[in-house]
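Student: Let me begin by handing over the structure; questions about it come next.
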Amino acid sequence: MTSVGLEKAVPVNPPRRPHLKKLWRFIKKNPVGFIGLILVALSVSCALFAPFITPFDPSKASLSSRLAPPSWADPKGESAFLLGADQVGRDLLSRIIYGARISLMVGIFGVLIAMVIGTVLGLISGYFGKWLDDIIMRVADIQLAFPFILFAIVIMSVLGTGIWKIIIILGLTYWVGFARLIRGQVISLKEQEYIQAAKAIGGTNFNIIRKHILPNVLSSILVLGTMYIAEFILLEASLTFLGLGVDPTIPSWGGMLADSRNYITSAWWTAVFPGVAIMITVLGFNLLGDWLRDKLDPNMKV
Amino acid sequence: MIAYVIRRLLHTVLVVLGISLIVFFSIRLTGDPVSVMFAAGEPTKEAIAEVRSNLGLDEPLYVQYGIFLKGIFTFDFGKSFRSGMPVMELINERIGATLALALGGMAVAILIAFPVGILSAVKRDTAVDFFGRIFSLLGISFPNFWLGIMLILVFSVTLQWLPVSGFEGFKHLILPSITLGLILSGILARLVRSSMLEVMNQQYVSTAKSKGISEWKVIIKHAFRNALLPTVTFIGLQFGSLLGGTVIVEQIFSWPGVGRLIIDAINQRDYPVIQGGVIYLAIIMVLVNLIVDLSYTLIDPRVKVGGSKS
């Protein structure tokens, strides 16, 4: 312990659990990313293992437990529900756990659609330029000028509620963000010498994009994708809250908050916990995105 | 400059045309909009025929679109199915409440974001900065409709300081404005921080400091003034998303604005009102963006208005 040189050569106390130590070092270095990872892992495991970890059937109503308070806040000590029950006596915790499925599904699949469309159009727009670029960017301008919520209101009011409808609408609206980001990067990449060289030796456009350009924009796509998952989850919850999102019979966080509106004076728990679930998940993805950006692409502006 | 203004105006017309196309074809997505409108009850043949001729649905598609387009440019969105009132009149009754809410939200966002952003930048990498950044991150992670519900729970239900809903006076404006503005303030604080940091590295700020001017005077007079420009543009462009946000906030606080009009119309399948309301809000946003863009070039002569398109 006293000799520094000796300590370096032969560790006096070799770590018994090298993995834990590694993990600890990672946490100390990246507290933000770690918190983000934990929060995301929490909601992902809720979604994956919902049937195994829910204490009650999320759709089983019971009149006797109508608006039962959380068990720890029940003056009579009769409530069996950790987070209380809703207006028809369904367990709030179980519904929140199942709600994670809807939120994550919308977030992940919606972003995948937006990502694929946006990446393809952004690559085309940036790489080929000219009239293709003009058309794509003018369409993007229109999309940007027309706020999503209004667009969704028009479409959902015609099509009716449904999770896949939301996913498709989100994907078809938010590709613009990916397209603009990638277009900008491709335009500057195109001038790089190695791309010019690849062109000069007769590389086909497809191969140049696939081998030299796409790998260079992947990290930005990943960062924006993570942040968009957070945004999509918020948008889905807002739409469902307005009655324009997921079917009201399916347990979803936005739907639970919509239900809670009439009971806010008598049953605060119905209004508080679903919102906490949304916030934890969204915060998790935002933290993760922030960390990924700092790690992969610190100059990126999102 | 004039060429730029003309191009920008043409661009605006193009965007309005695009929006009109989106709305026009969205409503017709399912084929026959009349069948959607009557989804709830059993319509008589006469009722269907009347709605058809009322909406001009018996005309060919391009004629329908022409009429629709003419309506947009003459601000004539037809009549409500339910009340029979002209849609424009319904909107005019309520647009004041919506604009009051949007401006209130803007005021809240600015009042919070500027101090937080400036302090974060000046006290960079200290605890103040850390909390400022946490605040921003929480801001963008907060579902605003939930924030509204929580504010009602705390200030109206528990403390009973402020009214739950309605629009009768200043007191009624407080909670909805906070709900609308707090989220924006998170994003705005981030922007203020980063543009302040950028400016504070400039030489004229160092020069001012070296002349012995007090720190806060330098910050406000030299740094903040120059950091203001990108922020103001951003605020202008965010007005659109604030207007979109009013749709949700109005629903929570039973605010008698255009957003609530639209949502009520959806529940009643009152399509002329949905169309008119959405296009009206969209056009306001497009016009605000246009004004912001044009005034930006006037305020800051350094902005290039020449050839580059984006």
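Going by the structure tokens order, chains are called A, B, ..., each with residues numbered from 1, while ligands are numbered from 1 in the order shown.
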Could you pull the residues within 9 Å of Met196 (chain B), counting only C-alpha atoms, minus those fewer than 3 positions along the same chain, as a ChimeraX atom specification?
Tutor: /B:117-118,121-122,191-193,199-201,219,223-224,226-228
Student: Kindly provide, as a PDB file with C-alpha atoms, in the first residue's frame, the residues of chain B having any atom no farther than 8 Å from an atom of chain A, counting only C-alpha atoms.
Tutor:
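The result, written out as result_34.pdb:
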```
ATOM      1  CA  VAL B  15     -46.808  25.684 -48.746  1.00  0.00           C
ATOM      2  CA  VAL B  16     -50.447  26.758 -48.433  1.00  0.00           C
ATOM      3  CA  GLY B  18     -49.465  21.776 -50.166  1.00  0.00           C
ATOM      4  CA  ILE B  19     -51.428  22.009 -46.942  1.00  0.00           C
ATOM      5  CA  VAL B  23     -56.283  18.288 -45.959  1.00  0.00           C
ATOM      6  CA  SER B  26     -56.999  13.274 -46.104  1.00  0.00           C
ATOM      7  CA  ILE B  27     -60.706  13.891 -45.702  1.00  0.00           C
ATOM      8  CA  LEU B  29     -58.945   9.020 -47.820  1.00  0.00           C
ATOM      9  CA  THR B  30     -61.699   6.590 -47.069  1.00  0.00           C
ATOM     10  CA  VAL B  36     -67.686   8.709 -42.573  1.00  0.00           C
ATOM     11  CA  LEU B 137     -34.023  18.041 -20.249  1.00  0.00           C
ATOM     12  CA  LEU B 138     -37.002  17.650 -17.935  1.00  0.00           C
ATOM     13  CA  SER B 141     -39.441  15.063 -21.426  1.00  0.00           C
ATOM     14  CA  PHE B 142     -42.606  16.362 -19.800  1.00  0.00           C
ATOM     15  CA  PRO B 143     -45.879  15.509 -21.492  1.00  0.00           C
ATOM     16  CA  PHE B 145     -51.049  17.626 -21.070  1.00  0.00           C
ATOM     17  CA  TRP B 146     -49.903  15.816 -17.968  1.00  0.00           C
ATOM     18  CA  ILE B 149     -53.351  17.978 -15.084  1.00  0.00           C
ATOM     19  CA  MET B 150     -50.713  18.161 -12.344  1.00  0.00           C
ATOM     20  CA  LEU B 153     -54.270  18.993  -9.102  1.00  0.00           C
ATOM     21  CA  VAL B 157     -57.839  21.133  -6.399  1.00  0.00           C
ATOM     22  CA  GLY B 240     -46.410  27.490 -34.850  1.00  0.00           C
ATOM     23  CA  SER B 241     -45.779  24.634 -32.460  1.00  0.00           C
ATOM     24  CA  GLY B 244     -50.483  23.343 -32.246  1.00  0.00           C
ATOM     25  CA  GLY B 245     -49.992  22.877 -28.502  1.00  0.00           C
ATOM     26  CA  ILE B 248     -54.237  19.958 -26.268  1.00  0.00           C
ATOM     27  CA  GLN B 251     -58.889  20.509 -24.062  1.00  0.00           C
ATOM     28  CA  ILE B 263     -61.845  18.604 -31.167  1.00  0.00           C
ATOM     29  CA  ILE B 266     -64.304  15.771 -34.510  1.00  0.00           C
ATOM     30  CA  ARG B 269     -68.116  14.603 -37.205  1.00  0.00           C
ATOM     31  CA  ILE B 274     -62.494  20.467 -38.791  1.00  0.00           C
ATOM     32  CA  GLN B 275     -61.212  21.449 -42.235  1.00  0.00           C
ATOM     33  CA  VAL B 278     -57.099  23.189 -39.193  1.00  0.00           C
ATOM     34  CA  ALA B 282     -51.973  26.281 -40.385  1.00  0.00           C
ATOM     35  CA  MET B 285     -48.406  29.563 -38.657  1.00  0.00           C
ATOM     36  CA  VAL B 286     -47.189  29.885 -42.218  1.00  0.00           C
TER      37      VAL B 286
END
```
Student: List every residue of region 153-257 of chain A that DSSP, applied to the backbone of this structure, places in helix (DSSP H, G or I), and write the result as a PyMOL selection string.
Tutor: chain A and resi 153-159+163-190+193-200+205-241+253-257
Student: Using C-alpha atoms, can you write the selected residues to a file as a PDB file, in the first residue's frame?
Tutor:
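Final output, saved to again_25.pdb:
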```pdb
ATOM      1  CA  ILE A 153     -56.175  15.401 -36.189  1.00  0.00           C
ATOM      2  CA  VAL A 154     -57.340  15.534 -39.788  1.00  0.00           C
ATOM      3  CA  ILE A 155     -56.249  11.992 -40.612  1.00  0.00           C
ATOM      4  CA  MET A 156     -57.294  10.299 -37.385  1.00  0.00           C
ATOM      5  CA  SER A 157     -60.689  11.983 -37.470  1.00  0.00           C
ATOM      6  CA  VAL A 158     -61.289  10.258 -40.800  1.00  0.00           C
ATOM      7  CA  LEU A 159     -59.582   6.916 -40.163  1.00  0.00           C
ATOM      8  CA  ILE A 163     -52.157   1.833 -33.022  1.00  0.00           C
ATOM      9  CA  TRP A 164     -50.896   1.024 -36.533  1.00  0.00           C
ATOM     10  CA  LYS A 165     -52.558   4.111 -37.936  1.00  0.00           C
ATOM     11  CA  ILE A 166     -50.659   6.235 -35.422  1.00  0.00           C
ATOM     12  CA  ILE A 167     -47.404   4.472 -36.217  1.00  0.00           C
ATOM     13  CA  ILE A 168     -47.800   4.994 -39.957  1.00  0.00           C
ATOM     14  CA  ILE A 169     -48.851   8.628 -39.614  1.00  0.00           C
ATOM     15  CA  LEU A 170     -45.877   9.370 -37.359  1.00  0.00           C
ATOM     16  CA  GLY A 171     -43.522   7.629 -39.758  1.00  0.00           C
ATOM     17  CA  LEU A 172     -44.925   9.421 -42.784  1.00  0.00           C
ATOM     18  CA  THR A 173     -44.627  12.820 -41.096  1.00  0.00           C
ATOM     19  CA  TYR A 174     -41.324  12.678 -39.293  1.00  0.00           C
ATOM     20  CA  TRP A 175     -39.082  11.385 -42.092  1.00  0.00           C
ATOM     21  CA  VAL A 176     -38.360  15.052 -42.778  1.00  0.00           C
ATOM     22  CA  GLY A 177     -36.054  15.331 -39.765  1.00  0.00           C
ATOM     23  CA  PHE A 178     -33.935  12.383 -40.927  1.00  0.00           C
ATOM     24  CA  ALA A 179     -33.936  13.531 -44.539  1.00  0.00           C
ATOM     25  CA  ARG A 180     -32.701  17.042 -43.694  1.00  0.00           C
ATOM     26  CA  LEU A 181     -30.016  15.802 -41.321  1.00  0.00           C
ATOM     27  CA  ILE A 182     -28.668  13.229 -43.756  1.00  0.00           C
ATOM     28  CA  ARG A 183     -28.915  15.511 -46.770  1.00  0.00           C
ATOM     29  CA  GLY A 184     -26.740  18.081 -45.021  1.00  0.00           C
ATOM     30  CA  GLN A 185     -24.113  15.500 -44.108  1.00  0.00           C
ATOM     31  CA  VAL A 186     -24.083  13.904 -47.539  1.00  0.00           C
ATOM     32  CA  ILE A 187     -23.563  17.264 -49.208  1.00  0.00           C
ATOM     33  CA  SER A 188     -20.410  17.865 -47.187  1.00  0.00           C
ATOM     34  CA  LEU A 189     -19.238  14.225 -47.479  1.00  0.00           C
ATOM     35  CA  LYS A 190     -19.612  14.309 -51.248  1.00  0.00           C
ATOM     36  CA  GLU A 193     -11.386  13.356 -51.438  1.00  0.00           C
ATOM     37  CA  TYR A 194     -11.966   9.666 -50.856  1.00  0.00           C
ATOM     38  CA  ILE A 195     -15.442   9.907 -52.320  1.00  0.00           C
ATOM     39  CA  GLN A 196     -14.112  11.831 -55.293  1.00  0.00           C
ATOM     40  CA  ALA A 197     -11.468   9.136 -55.635  1.00  0.00           C
ATOM     41  CA  ALA A 198     -14.052   6.370 -55.498  1.00  0.00           C
ATOM     42  CA  LYS A 199     -15.941   8.141 -58.246  1.00  0.00           C
ATOM     43  CA  ALA A 200     -12.815   8.627 -60.301  1.00  0.00           C
ATOM     44  CA  ASN A 205     -23.313   5.631 -57.282  1.00  0.00           C
ATOM     45  CA  PHE A 206     -25.081   2.833 -55.439  1.00  0.00           C
ATOM     46  CA  ASN A 207     -21.828   1.345 -54.204  1.00  0.00           C
ATOM     47  CA  ILE A 208     -20.409   4.703 -53.174  1.00  0.00           C
ATOM     48  CA  ILE A 209     -23.505   5.494 -51.157  1.00  0.00           C
ATOM     49  CA  ARG A 210     -23.598   2.051 -49.592  1.00  0.00           C
ATOM     50  CA  LYS A 211     -19.902   1.680 -48.791  1.00  0.00           C
ATOM     51  CA  HIS A 212     -18.684   5.197 -48.187  1.00  0.00           C
ATOM     52  CA  ILE A 213     -21.575   7.484 -47.346  1.00  0.00           C
ATOM     53  CA  LEU A 214     -24.073   5.413 -45.402  1.00  0.00           C
ATOM     54  CA  PRO A 215     -21.554   4.188 -42.784  1.00  0.00           C
ATOM     55  CA  ASN A 216     -20.597   7.801 -42.121  1.00  0.00           C
ATOM     56  CA  VAL A 217     -24.115   8.988 -41.413  1.00  0.00           C
ATOM     57  CA  LEU A 218     -25.193   5.962 -39.352  1.00  0.00           C
ATOM     58  CA  SER A 219     -24.255   7.466 -36.006  1.00  0.00           C
ATOM     59  CA  SER A 220     -26.341  10.592 -36.643  1.00  0.00           C
ATOM     60  CA  ILE A 221     -29.265   8.417 -37.671  1.00  0.00           C
ATOM     61  CA  LEU A 222     -28.941   6.488 -34.443  1.00  0.00           C
ATOM     62  CA  VAL A 223     -28.847   9.637 -32.295  1.00  0.00           C
ATOM     63  CA  LEU A 224     -31.824  11.259 -33.994  1.00  0.00           C
ATOM     64  CA  GLY A 225     -33.715   7.965 -33.909  1.00  0.00           C
ATOM     65  CA  THR A 226     -33.281   7.648 -30.146  1.00  0.00           C
ATOM     66  CA  MET A 227     -34.509  11.193 -29.589  1.00  0.00           C
ATOM     67  CA  TYR A 228     -37.452  10.684 -31.925  1.00  0.00           C
ATOM     68  CA  ILE A 229     -38.557   7.608 -29.981  1.00  0.00           C
ATOM     69  CA  ALA A 230     -38.973   9.925 -26.997  1.00  0.00           C
ATOM     70  CA  GLU A 231     -40.921  12.418 -29.066  1.00  0.00           C
ATOM     71  CA  PHE A 232     -43.151   9.781 -30.663  1.00  0.00           C
ATOM     72  CA  ILE A 233     -44.071   8.405 -27.250  1.00  0.00           C
ATOM     73  CA  LEU A 234     -45.140  11.891 -26.165  1.00  0.00           C
ATOM     74  CA  LEU A 235     -47.108  12.464 -29.373  1.00  0.00           C
ATOM     75  CA  GLU A 236     -48.924   9.147 -29.168  1.00  0.00           C
ATOM     76  CA  ALA A 237     -49.872   9.833 -25.546  1.00  0.00           C
ATOM     77  CA  SER A 238     -51.134  13.316 -26.482  1.00  0.00           C
ATOM     78  CA  LEU A 239     -53.215  12.000 -29.366  1.00  0.00           C
ATOM     79  CA  THR A 240     -54.658   9.168 -27.317  1.00  0.00           C
ATOM     80  CA  PHE A 241     -55.427  11.699 -24.597  1.00  0.00           C
ATOM     81  CA  TRP A 253     -50.740   5.835 -20.766  1.00  0.00           C
ATOM     82  CA  GLY A 254     -52.424   8.584 -22.739  1.00  0.00           C
ATOM     83  CA  GLY A 255     -55.765   6.794 -22.531  1.00  0.00           C
ATOM     84  CA  MET A 256     -55.427   6.330 -18.759  1.00  0.00           C
ATOM     85  CA  LEU A 257     -54.777  10.053 -18.353  1.00  0.00           C
TER      86      LEU A 257
END
```
Student: Using Å and a single decimal, report how far CA of Phe253 (chain B) sits from CA of Ser177 (chain B).
Tutor: 10.5 Å
Student: Take CA of Ser195 (chain B) and CA of Lys123 (chain B) and report the distance between them in Å, one decimal.
Tutor: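 Between CA of Ser195 (chain B) and CA of Lys123 (chain B) the gap works out to 14.2 Å.
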Student: For each of A:Gln192, A:Gln87, A:Ser252, A:Ser103, take the minimum atom-to-atom distance to Lys60 (chain A), counting only C-alpha atoms, then give the residue where this is smallest.
Tutor: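 Between A:Gln192, A:Gln87, A:Ser252, A:Ser103, the residue approaching Lys60 (chain A) most closely is A:Gln87.
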Student: Give me the residues near Leu92 (chain A) as a PyMOL selection string, where near means some atom within 12 Å (using only C-alpha atoms) and where sequence neighbours in that chain fewer than 2 positions away do not count.
Tutor: chain A and resi 54-61+65-71+80-90+94-99+251-253+256-257+259-260+267-275+277
Student: Find the spatial neighbours of Trp291 (chain A), counting only C-alpha atoms, within a cut-off of 10 Å - ignore same-chain residues fewer than 4 positions away - and output them as a list of chain:residue names.
Tutor: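 Within the cut-off, the hits are A:Asn30, A:Pro31, A:Val32, A:Gly33, A:Phe34, A:Gly36, A:Leu37, A:Val223, A:Phe285, A:Asn286, A:Leu287, A:Lys295, A:Leu296, A:Asp297, A:Pro298.
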Student: Could you tell me how far CA of Ile262 (chain B) lies from CA of Leu90 (chain B), in Å and to one decimal?
Tutor: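 Computing it gives 10.4 Å between the two atoms.
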Student: As a list in words, please: the residues near Val5 (chain B) (cut-off 12 Å, only C-alpha atoms, same-chain neighbours under 3 positions excluded).
Tutor: Met1, Ile2, Arg8, Leu9, Leu10, His11, Thr12, Leu290, Ile291, Asp293, Leu294, Ser295, Tyr296, Thr297, Leu298, Val305 and Gly306 of chain B
Student: Using only N, CA and C atoms, please write the residues we just selected to a file, as a PDB file, in the first residue's frame.
Tutor:
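Listed below is the output, part-v6.pdb:
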```pdb
ATOM      1  N   MET B   1     -32.912  41.874 -52.615  1.00  0.00           N
ATOM      2  CA  MET B   1     -33.843  41.891 -51.483  1.00  0.00           C
ATOM      3  C   MET B   1     -35.279  41.679 -51.951  1.00  0.00           C
ATOM      4  N   ILE B   2     -35.687  42.472 -52.976  1.00  0.00           N
ATOM      5  CA  ILE B   2     -37.057  42.329 -53.473  1.00  0.00           C
ATOM      6  C   ILE B   2     -37.253  40.942 -54.071  1.00  0.00           C
ATOM      7  N   ARG B   8     -39.835  34.319 -51.377  1.00  0.00           N
ATOM      8  CA  ARG B   8     -40.363  33.852 -50.090  1.00  0.00           C
ATOM      9  C   ARG B   8     -41.896  33.819 -50.119  1.00  0.00           C
ATOM     10  N   LEU B   9     -42.507  34.820 -50.778  1.00  0.00           N
ATOM     11  CA  LEU B   9     -43.965  34.850 -50.889  1.00  0.00           C
ATOM     12  C   LEU B   9     -44.467  33.673 -51.731  1.00  0.00           C
ATOM     13  N   LEU B  10     -43.790  33.440 -52.859  1.00  0.00           N
ATOM     14  CA  LEU B  10     -44.171  32.310 -53.714  1.00  0.00           C
ATOM     15  C   LEU B  10     -44.074  31.002 -52.933  1.00  0.00           C
ATOM     16  N   HIS B  11     -43.008  30.920 -52.169  1.00  0.00           N
ATOM     17  CA  HIS B  11     -42.790  29.732 -51.350  1.00  0.00           C
ATOM     18  C   HIS B  11     -43.952  29.524 -50.379  1.00  0.00           C
ATOM     19  N   THR B  12     -44.409  30.636 -49.777  1.00  0.00           N
ATOM     20  CA  THR B  12     -45.527  30.566 -48.839  1.00  0.00           C
ATOM     21  C   THR B  12     -46.787  30.074 -49.543  1.00  0.00           C
ATOM     22  N   LEU B 290     -43.352  33.410 -42.201  1.00  0.00           N
ATOM     23  CA  LEU B 290     -42.970  34.334 -43.273  1.00  0.00           C
ATOM     24  C   LEU B 290     -42.507  35.665 -42.685  1.00  0.00           C
ATOM     25  N   ILE B 291     -43.299  36.188 -41.747  1.00  0.00           N
ATOM     26  CA  ILE B 291     -42.958  37.476 -41.144  1.00  0.00           C
ATOM     27  C   ILE B 291     -41.619  37.387 -40.414  1.00  0.00           C
ATOM     28  N   ASP B 293     -39.127  35.346 -40.983  1.00  0.00           N
ATOM     29  CA  ASP B 293     -38.056  35.243 -41.972  1.00  0.00           C
ATOM     30  C   ASP B 293     -37.725  36.598 -42.576  1.00  0.00           C
ATOM     31  N   LEU B 294     -38.773  37.314 -42.969  1.00  0.00           N
ATOM     32  CA  LEU B 294     -38.546  38.602 -43.620  1.00  0.00           C
ATOM     33  C   LEU B 294     -37.946  39.616 -42.643  1.00  0.00           C
ATOM     34  N   SER B 295     -38.469  39.644 -41.407  1.00  0.00           N
ATOM     35  CA  SER B 295     -37.955  40.634 -40.460  1.00  0.00           C
ATOM     36  C   SER B 295     -36.518  40.293 -40.069  1.00  0.00           C
ATOM     37  N   TYR B 296     -36.198  39.016 -40.097  1.00  0.00           N
ATOM     38  CA  TYR B 296     -34.838  38.591 -39.774  1.00  0.00           C
ATOM     39  C   TYR B 296     -33.835  39.221 -40.732  1.00  0.00           C
ATOM     40  N   THR B 297     -34.180  39.202 -42.003  1.00  0.00           N
ATOM     41  CA  THR B 297     -33.268  39.787 -42.981  1.00  0.00           C
ATOM     42  C   THR B 297     -33.187  41.300 -42.815  1.00  0.00           C
ATOM     43  N   LEU B 298     -34.261  41.925 -42.301  1.00  0.00           N
ATOM     44  CA  LEU B 298     -34.224  43.365 -42.076  1.00  0.00           C
ATOM     45  C   LEU B 298     -33.381  43.710 -40.846  1.00  0.00           C
ATOM     46  N   VAL B 305     -29.223  37.044 -48.550  1.00  0.00           N
ATOM     47  CA  VAL B 305     -30.515  36.773 -49.161  1.00  0.00           C
ATOM     48  C   VAL B 305     -30.334  36.358 -50.613  1.00  0.00           C
ATOM     49  N   GLY B 306     -29.104  36.144 -51.008  1.00  0.00           N
ATOM     50  CA  GLY B 306     -28.823  35.840 -52.405  1.00  0.00           C
ATOM     51  C   GLY B 306     -29.233  34.431 -52.807  1.00  0.00           C
TER      52      GLY B 306
END
```
Student: I need the residue nearest Ile136 (chain A) from this list: A:Arg17, A:Ile250, A:Leu121, A:Asn262. Use only C-alpha atoms for the distance.
Tutor: A:Leu121
Student: Tell me which protein, DNA and RNA residues are within 10 Å of Val116 (chain B), counting only C-alpha atoms, leaving out same-chain ones fewer than 5 positions away, and put them as a list in words.
Tutor: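 Counting only C-alpha atoms, the residues come to Ile110, Leu111, Ala121, Val128, Asp129, Phe131, Gly132, Arg133, Phe135, Ser136, Ser185, Gly186, Leu188, Ala189, Arg190, Val192 and Arg193 of chain B.
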Student: Go ahead and write the residues just picked, C-alpha atoms, as a tab-separated table (two decimals), in the first residue's frame.
Tutor:
```
chain	number	residue	atom	x	y	z
B	110	ILE	CA	-39.39	33.69	-22.39
B	111	LEU	CA	-39.59	34.71	-18.73
B	121	ALA	CA	-23.95	30.11	-19.82
B	128	VAL	CA	-26.15	26.39	-11.64
B	129	ASP	CA	-25.37	25.22	-15.16
B	131	PHE	CA	-29.48	22.43	-12.80
B	132	GLY	CA	-30.21	24.58	-15.80
B	133	ARG	CA	-29.47	21.68	-18.11
B	135	PHE	CA	-34.36	21.73	-16.23
B	136	SER	CA	-34.10	21.80	-20.02
B	185	SER	CA	-38.92	27.13	-22.07
B	186	GLY	CA	-36.82	23.96	-21.74
B	188	LEU	CA	-35.46	27.78	-25.44
B	189	ALA	CA	-33.19	27.79	-22.38
B	190	ARG	CA	-30.89	25.37	-24.19
B	192	VAL	CA	-30.12	30.79	-25.10
B	193	ARG	CA	-27.32	28.97	-23.29
```
Student: Which one of B:Ile220, B:Ile174, B:Ala113, B:Val164 sits closest to Ala208 (chain B) if you count only C-alpha atoms?
Tutor: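 So, comparing all the options, the nearest one is B:Ile220.
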